[in-house]
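These notes concern the structure reproduced below.
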Amino acid sequence: MIRYELAKAQYAKYGVDTDAAIAKLKEIPVSLHCWQGDDVIGFDHDGPLTGGIQTTGNYPGKARTPEELMADMDKALSLMPGKKKLNIHACYAIFEEGEFVDRDALEPKHFAKWVEFAKERNMGIDFNPTFFSHDKVKDGLTLSSPDKETREFWIRHGQACVRISEYFAKETGIPCVMNIWTGDGYKDIPADRMGPRMRYKESIEAILSVPFDKTLVKPCVESKVFGIGVEAYTVGSAEFTLSFAASHEGCLPLMDNGHYHPTEVVSDKIPALLCFFPEIALHITRPIRWDSDHVVLFDDETKEMAKEIVRCDGLGRTYMALDYFDASINRISAWTVGFRSWQKALLSALVTPNDMLKELQDAGNMTKLMVMQEEMKTMPFGDVWVKYCEECGVAADESWLDDVLAYEKEVLAVRK
Ligand SMILES: [Mn+2]
């Protein structure tokens with residue numbers, strides 16, 4: 001590893017310990033979303049995907065059963081460096097043959113197979129109630145519906161998910177982040193913007209009123225700016241969810257970087273929220289022109305988000321989860337590229353000489369700051385990445401794709 005030794009010396013010149021960066025990254029869990037494997041369908045319904053989200057593409061080989069989804073996920077997991085956590089949606093409940101319960105009656109036992117899967121792989125589990133793709137979404141509304149029966153159904157669903165989240169945490173010994181997101185909103189100009197928000201507030205409060213251990217379950221509220229068919233008004237806007245989290249002890253704000261206006265950047269919001277919240281949560285995605293949920297790449301904003309988490313000493317205070325779904329390419333490759341990209345972003349942030357750069361800023365030396373920030377871009381980061389992947393026992397280069405393509409040929413291609 002002559003190249004790594006050279007890189008290490010070059011980083012050391014700026015006060016960066018690459019060995020320490022690699023050791024640190026190995027301990028940071030990143031949550032991998034199960035829904036990339038089957039285009040956000042799940043196992044509890046036959047209807048279409050709703051809630052203002054959409055997958056595009058029809059690449060063959062989509063997982064159709066829990067067994068297929070887990071096998072595909074296993075293949076992807078084997079190609080990623082770093083510590084993983086599992087992220088599942090309530091619509092991925094696994095029923096026994098002939099069994100079915102509606103979402104408001106879900107119980108821990110319906111997720112026992114996921115617990116088994118996670119425990120065998122030393123992973124914690126994060127969870128999401130599923131407030132979409134269901135016939136009880138009434139006129140595009142769930143928790144904010146003016147119809148009491150509708151609201152109560154979805155409150156019961158949320159409460160069931162709190163109990164399931166606590167079960168996950170107890171079984172795995174790792175806290176469970178439970179994220180509340182709904183696609184509630186209106187296609188066109190509403191006559192009442194506050195009413196639905198007041199109902200949404202009361203519904204989330206009702207969900208969180210069930211007793212649970214706040215050290216085990218970390219409830220979050222995720223905002224959104226708009227959805228497909230929900231263009232004019234979103235009940236759970238940025239201001240709504242941020243204010244909700246700020247005013248409810250133990251509730252975290254969750255920022256999805258696809259859920260803001262295109263000129264807004266979550267990298268700038270991370271340090272703002274870390275000034276006030278003990279813990280925050282992220283959904284990491286790649287929006288193109290809208291909340292398109294493209295596969296995460298090692299691009300500028302992705303790097304900037306990771307840099308802010310590291311610079312703010314926020315690694316222990318930020319729950320990181322991937323959230324995207326691309327049905328136009330091999331889904332296992334999509335999982336792998338996205339996870340590896342976020343790992344690259346974190347490693348790159350960990351080998352950035354943040355102390356030195358901060359000193360330049362505080363000294364008002366913006367001239368040298370620009371020069372140094374540009375210099376960092378051509379540092380031999382690739383050699384540190386290779387070392388990290390080798391230590392994690394995964395391919396450092398693109399050769400992992402051969403493995404995916406062999407799996408596609410043997411396994412995915414025979415799914416009809
Ligand atoms: Mn999200």
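Note on naming: chains are A, B, ... as they come in the structure tokens, residues start from 1 per chain, ligands start from 1 in the order shown.
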
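Inspection of the environment of ligand 1, which uses only C-alpha atoms and all ligand atoms and a cut-off of 8 Å, identifies the neighbouring residues as Trp181, Glu222, Met255, Asp256, Asn257, Gly258, His259, His283, Ile284, Thr285, Asp323 and Tyr324 of chain A.
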
Keeping only N, CA and C atoms, take the residues you just selected and write them out as a compact mmCIF listing (two decimals), in the first residue's frame.
```txt
# COMPACT_ATOMS: atom_id res chain seq x y z
N TRP A 181 -44.05 10.85 8.05
CA TRP A 181 -44.21 11.68 6.85
C TRP A 181 -45.54 11.32 6.20
N GLU A 222 -41.00 14.62 9.16
CA GLU A 222 -40.34 14.98 7.90
C GLU A 222 -41.22 15.95 7.11
N MET A 255 -34.86 16.17 7.90
CA MET A 255 -34.74 16.89 6.62
C MET A 255 -34.40 15.90 5.51
N ASP A 256 -35.22 15.92 4.48
CA ASP A 256 -34.96 15.15 3.26
C ASP A 256 -34.49 16.18 2.24
N ASN A 257 -33.30 15.98 1.68
CA ASN A 257 -32.76 17.05 0.83
C ASN A 257 -33.44 17.13 -0.54
N GLY A 258 -34.47 16.29 -0.76
CA GLY A 258 -35.30 16.46 -1.95
C GLY A 258 -36.56 17.27 -1.65
N HIS A 259 -36.74 17.64 -0.40
CA HIS A 259 -38.01 18.22 0.02
C HIS A 259 -37.98 19.73 0.23
N HIS A 283 -32.79 12.41 5.54
CA HIS A 283 -33.01 11.51 4.42
C HIS A 283 -32.12 12.02 3.30
N ILE A 284 -31.22 11.16 2.85
CA ILE A 284 -30.25 11.58 1.86
C ILE A 284 -30.69 11.05 0.50
N THR A 285 -30.84 11.96 -0.44
CA THR A 285 -31.36 11.62 -1.75
C THR A 285 -30.70 12.53 -2.77
N ASP A 323 -32.71 7.68 1.10
CA ASP A 323 -34.11 7.64 0.66
C ASP A 323 -34.19 8.04 -0.80
N TYR A 324 -34.18 7.03 -1.66
CA TYR A 324 -34.34 7.27 -3.10
C TYR A 324 -34.84 5.98 -3.72
```

request  = Pick out each residue of stretch 86-187 of chain A that DSSP on the backbone tags as helix (DSSP H, G or I); I need them as a PyMOL selection string.
outcome  = chain A and resi 90-92+103-105+108-120+148-172

request  = Can you work out which one of A:Asn87, A:Thr56, A:Ser328, A:Asn122 has the shortest atom-to-atom distance to A:Ser31, counting only C-alpha atoms?
outcome  = A:Asn87

Within 9 Å of stretch 118-121 of chain A: each stretch 42-89 of chain A residue with its shortest pair, only C-alpha atoms, as CSV:
```
residue,atom,partner,partner_atom,distance
A:Lys84,CA,A:Arg121,CA,8.9
A:Lys85,CA,A:Ala118,CA,7.9
A:Leu86,CA,A:Ala118,CA,6.8
```

With N, CA and C atoms retained, export the selected residues as an mmCIF file, in the first residue's frame.
```
data_model
loop_
_atom_site.group_PDB
_atom_site.id
_atom_site.type_symbol
_atom_site.label_atom_id
_atom_site.label_comp_id
_atom_site.auth_asym_id
_atom_site.auth_seq_id
_atom_site.Cartn_x
_atom_site.Cartn_y
_atom_site.Cartn_z
ATOM 1 N N LYS A 84 -24.047 -0.631 8.738
ATOM 2 C CA LYS A 84 -25.381 -0.435 8.180
ATOM 3 C C LYS A 84 -26.481 -0.623 9.216
ATOM 4 N N LYS A 85 -27.555 0.092 8.954
ATOM 5 C CA LYS A 85 -28.795 -0.067 9.711
ATOM 6 C C LYS A 85 -29.873 -0.318 8.667
ATOM 7 N N LEU A 86 -30.935 -1.002 9.074
ATOM 8 C CA LEU A 86 -32.001 -1.337 8.133
ATOM 9 C C LEU A 86 -33.135 -0.333 8.277
#
```

ask   = Which one is closest to A:Gly236: A:Asp291, A:Cys251, A:Leu143, A:Cys275? Count only C-alpha atoms.
value = A:Leu143

Write out as JSON lines a residue-level contact list of stretch 73-184 of chain A versus stretch 329-348 of chain A with cut-off 9 Å: for each qualifying residue the closest pair of atoms and the distance in Å to one decimal, counting only C-alpha atoms, rows sorted by chain and residue number upward.
```
{"residue": "A:Met73", "atom": "CA", "partner": "A:Ile332", "partner_atom": "CA", "distance": 7.2}
{"residue": "A:Lys75", "atom": "CA", "partner": "A:Ile332", "partner_atom": "CA", "distance": 7.3}
{"residue": "A:Ala76", "atom": "CA", "partner": "A:Ile332", "partner_atom": "CA", "distance": 5.5}
{"residue": "A:Leu77", "atom": "CA", "partner": "A:Thr336", "partner_atom": "CA", "distance": 7.5}
{"residue": "A:Leu79", "atom": "CA", "partner": "A:Thr336", "partner_atom": "CA", "distance": 6.7}
{"residue": "A:Met80", "atom": "CA", "partner": "A:Arg340", "partner_atom": "CA", "distance": 6.0}
{"residue": "A:Pro81", "atom": "CA", "partner": "A:Arg340", "partner_atom": "CA", "distance": 7.1}
{"residue": "A:Gly82", "atom": "CA", "partner": "A:Gln343", "partner_atom": "CA", "distance": 7.2}
```
